[in-house]
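Novice: Mind looking over this structure? Questions follow.
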Amino acid sequence: MSYTVRSARSADILGIHQLLAPLVERRILLGKDLAVLYGAVQEFVVAEQDGQLIGCGALHVMWEDLGEIRTLIVRDDRLRHGVGRAIVEALEERAHELGLTRLFCLTFEVDFFTRRGFSPIGEQVVDPDVYSQLLRSPDEGVAEFLDLAHVKPNTLGNTRMLKNL
């Protein structure tokens, strides 16, 4: 199976939204409005095969040394073909280019991320100064990283994981 992983373009957003829809329906991922996806297009990479999107993922910078892998999706009929691994590798390369040294994810796919070098994390993974700064962020991903109570209903069953690059 031949596919390409590349940076997303604004023309890919509707396809990303379509990849996201079945997972939102199954309550695996939270839905994202098109405006939010367009605003984050520069964070995304996509996997493309024969002109069709078969997967995507995003890298969101959370702090000086910390990023989050978000919205990692591979079409069901393309699972177990290395697409997810290739997307994560592309996002890790971006993280290196940005000077990040740690990557966070919130996932049900613990085995997949463990094979990529991620480990489950406990409560306190940043120093108190950084924690107080991160508390000011309106970003729900930051709240998930900090394990704040108001996001817990949306994260039940997920595992918070971290990788040192």
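The way I read the labels, and the way they are meant: chains A, B, ... in the order of the structure tokens, residue 1 as the first residue of every chain, and ligand 1 as the first ligand shown, with later ones counted on from there.
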Please identify every residue of region 73-119 of chain A that has at least one atom no farther than 12 Å from an atom of region 8-11 of chain A, counting only C-alpha atoms, and for each give the shortest atom pair and the distance in Å to one decimal, arranged by chain then increasing number, as CSV.

Specialist:
```
residue,atom,partner,partner_atom,distance
A:Ile87,CA,A:Ala8,CA,11.6
A:Ala90,CA,A:Ala8,CA,11.8
A:Leu91,CA,A:Ala8,CA,11.8
```

Novice: List as a ChimeraX atom specification the protein and nucleic acid residues near region 36-53 of chain A, meaning an atom at most 12 Å away when only C-alpha atoms are counted, but skip any in the same chain fewer than 6 places from it.

Specialist: /A:1-20,59-61,67-75,77-78,81-95,98,139

Novice: Pick out the closest residue to Glu144 (chain A) from this set: A:Met161, A:Ser132, A:Leu100, A:Gly117. Count only C-alpha atoms.

Specialist: A:Met161

Novice: For Leu23 (chain A), which residue among A:Ala58, A:Phe108, A:Phe145, A:Ala35 is the nearest when counting only C-alpha atoms?

Specialist: A:Phe108

Novice: Would you give me, as a VMD selection string, the residues in region 5-90 of chain A that DSSP reads as strand (DSSP E or B)?

Specialist: chain A and resid 5 to 7 44 to 49 52 to 63 66 to 74

Novice: Any chance you can output those residues with N, CA, C and O atoms as a CSV table (one decimal), in the first residue's frame?

Specialist:
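Written out: selection_0.csv:
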```
chain,number,residue,atom,x,y,z
A,5,VAL,N,2.6,11.0,3.4
A,5,VAL,CA,2.3,11.9,4.5
A,5,VAL,C,2.9,13.3,4.2
A,5,VAL,O,4.1,13.4,3.9
A,6,ARG,N,2.1,14.3,4.3
A,6,ARG,CA,2.5,15.6,4.0
A,6,ARG,C,1.8,16.6,4.9
A,6,ARG,O,0.8,16.3,5.6
A,7,SER,N,2.2,17.9,4.9
A,7,SER,CA,1.6,18.9,5.6
A,7,SER,C,0.2,19.2,5.0
A,7,SER,O,0.0,19.1,3.8
A,44,PHE,N,-1.6,20.3,11.3
A,44,PHE,CA,-1.9,19.0,10.8
A,44,PHE,C,-1.0,18.5,9.7
A,44,PHE,O,-0.4,19.3,8.9
A,45,VAL,N,-0.8,17.2,9.7
A,45,VAL,CA,-0.3,16.4,8.6
A,45,VAL,C,-1.4,15.5,8.2
A,45,VAL,O,-2.2,15.1,9.0
A,46,VAL,N,-1.4,15.1,6.9
A,46,VAL,CA,-2.3,14.2,6.4
A,46,VAL,C,-1.6,13.0,5.7
A,46,VAL,O,-0.5,13.2,5.1
A,47,ALA,N,-2.3,11.9,5.7
A,47,ALA,CA,-1.8,10.7,4.9
A,47,ALA,C,-2.8,10.6,3.7
A,47,ALA,O,-4.0,10.7,3.9
A,48,GLU,N,-2.2,10.5,2.5
A,48,GLU,CA,-3.0,10.6,1.3
A,48,GLU,C,-2.7,9.4,0.4
A,48,GLU,O,-1.5,9.0,0.3
A,49,GLN,N,-3.7,8.8,-0.1
A,49,GLN,CA,-3.5,7.6,-1.0
A,49,GLN,C,-4.4,7.8,-2.2
A,49,GLN,O,-5.6,8.0,-2.0
A,52,GLN,N,-7.0,10.6,-2.0
A,52,GLN,CA,-7.9,10.6,-0.9
A,52,GLN,C,-7.2,10.6,0.5
A,52,GLN,O,-6.2,9.9,0.6
A,53,LEU,N,-7.8,11.3,1.4
A,53,LEU,CA,-7.2,11.3,2.8
A,53,LEU,C,-7.5,10.0,3.5
A,53,LEU,O,-8.7,9.6,3.5
A,54,ILE,N,-6.5,9.4,4.0
A,54,ILE,CA,-6.7,8.1,4.7
A,54,ILE,C,-6.3,8.3,6.2
A,54,ILE,O,-6.5,7.3,7.0
A,55,GLY,N,-5.8,9.4,6.6
A,55,GLY,CA,-5.4,9.6,8.0
A,55,GLY,C,-4.9,11.1,8.2
A,55,GLY,O,-4.7,11.8,7.2
A,56,CYS,N,-4.9,11.4,9.4
A,56,CYS,CA,-4.4,12.8,9.8
A,56,CYS,C,-3.9,12.8,11.2
A,56,CYS,O,-4.2,11.9,12.0
A,57,GLY,N,-3.2,13.8,11.6
A,57,GLY,CA,-2.8,14.1,13.0
A,57,GLY,C,-2.3,15.5,13.1
A,57,GLY,O,-1.9,16.1,12.1
A,58,ALA,N,-2.3,16.0,14.3
A,58,ALA,CA,-1.9,17.4,14.6
A,58,ALA,C,-0.9,17.4,15.7
A,58,ALA,O,-0.9,16.6,16.6
A,59,LEU,N,0.0,18.4,15.6
A,59,LEU,CA,0.9,18.7,16.7
A,59,LEU,C,0.6,20.1,17.2
A,59,LEU,O,0.7,21.1,16.4
A,60,HIS,N,0.2,20.2,18.5
A,60,HIS,CA,-0.1,21.4,19.1
A,60,HIS,C,0.9,21.8,20.1
A,60,HIS,O,1.2,21.0,21.0
A,61,VAL,N,1.6,22.9,20.0
A,61,VAL,CA,2.6,23.4,21.0
A,61,VAL,C,1.8,23.8,22.3
A,61,VAL,O,0.9,24.7,22.2
A,62,MET,N,2.2,23.3,23.4
A,62,MET,CA,1.6,23.6,24.7
A,62,MET,C,2.5,24.5,25.5
A,62,MET,O,2.0,25.3,26.3
A,63,TRP,N,3.8,24.3,25.4
A,63,TRP,CA,4.8,25.1,26.2
A,63,TRP,C,6.1,25.0,25.5
A,63,TRP,O,6.3,24.4,24.5
A,66,LEU,N,7.1,21.4,25.3
A,66,LEU,CA,6.0,20.4,25.3
A,66,LEU,C,5.0,20.6,24.2
A,66,LEU,O,4.5,21.7,24.0
A,67,GLY,N,4.7,19.5,23.5
A,67,GLY,CA,3.7,19.5,22.5
A,67,GLY,C,2.7,18.4,22.7
A,67,GLY,O,3.0,17.5,23.5
A,68,GLU,N,1.6,18.5,22.0
A,68,GLU,CA,0.6,17.4,22.1
A,68,GLU,C,0.2,16.9,20.7
A,68,GLU,O,0.0,17.6,19.8
A,69,ILE,N,0.2,15.6,20.6
A,69,ILE,CA,-0.3,14.9,19.4
A,69,ILE,C,-1.8,14.9,19.6
A,69,ILE,O,-2.3,14.3,20.6
A,70,ARG,N,-2.5,15.5,18.6
A,70,ARG,CA,-4.0,15.5,18.7
A,70,ARG,C,-4.6,15.0,17.4
A,70,ARG,O,-4.0,15.0,16.3
A,71,THR,N,-5.9,14.6,17.5
A,71,THR,CA,-6.7,14.3,16.3
A,71,THR,C,-6.0,13.3,15.4
A,71,THR,O,-6.0,13.5,14.2
A,72,LEU,N,-5.4,12.3,16.0
A,72,LEU,CA,-4.7,11.2,15.2
A,72,LEU,C,-5.8,10.3,14.8
A,72,LEU,O,-6.5,9.6,15.6
A,73,ILE,N,-6.0,10.2,13.4
A,73,ILE,CA,-7.1,9.4,12.9
A,73,ILE,C,-6.5,8.6,11.7
A,73,ILE,O,-5.8,9.2,10.8
A,74,VAL,N,-6.8,7.3,11.6
A,74,VAL,CA,-6.6,6.5,10.4
A,74,VAL,C,-7.9,5.9,10.0
A,74,VAL,O,-8.6,5.3,10.9
```

Novice: For the helix (DSSP H, G or I) assignment from backbone DSSP, which residues of chain A qualify? Please present them as JSON, numbers by chain.

Specialist: {"A": [10, 11, 12, 13, 14, 15, 16, 17, 18, 19, 20, 21, 22, 23, 24, 25, 34, 35, 36, 37, 38, 39, 41, 42, 43, 76, 77, 78, 83, 84, 85, 86, 87, 88, 89, 90, 91, 92, 93, 94, 95, 96, 97, 98, 110, 111, 112, 113, 114, 115, 128, 129, 130, 131, 132, 133, 134, 140, 141, 142, 143, 144, 145, 146, 149, 150, 151, 152, 153, 154, 155]}

Novice: Excluding Glu109 (chain A) and its own-chain neighbours fewer than 6 positions away, which residues fall within 12 Å of it when counting only C-alpha atoms? Please give them as a short mmCIF file (atom, residue, chain, number, x, y, z; two decimals) with C-alpha atoms, in the first residue's frame.

Specialist:
```cif
data_model
loop_
_atom_site.label_atom_id
_atom_site.label_comp_id
_atom_site.auth_asym_id
_atom_site.auth_seq_id
_atom_site.Cartn_x
_atom_site.Cartn_y
_atom_site.Cartn_z
CA ILE A 28 -13.98 8.26 20.67
CA LEU A 29 -12.97 11.83 19.80
CA LEU A 72 -4.74 11.23 15.21
CA ILE A 73 -7.06 9.38 12.86
CA GLY A 84 -0.60 5.90 12.09
CA ARG A 115 5.09 1.00 20.91
CA ARG A 116 6.01 4.56 19.84
CA PHE A 118 5.06 6.94 25.14
CA SER A 119 4.38 6.06 28.79
CA PRO A 120 1.39 6.71 31.03
CA GLY A 157 -11.31 5.92 29.82
CA ASN A 158 -8.48 7.81 28.14
CA THR A 159 -4.89 7.49 29.24
CA ARG A 160 -2.60 10.49 29.56
CA MET A 161 0.79 9.59 28.02
#
```
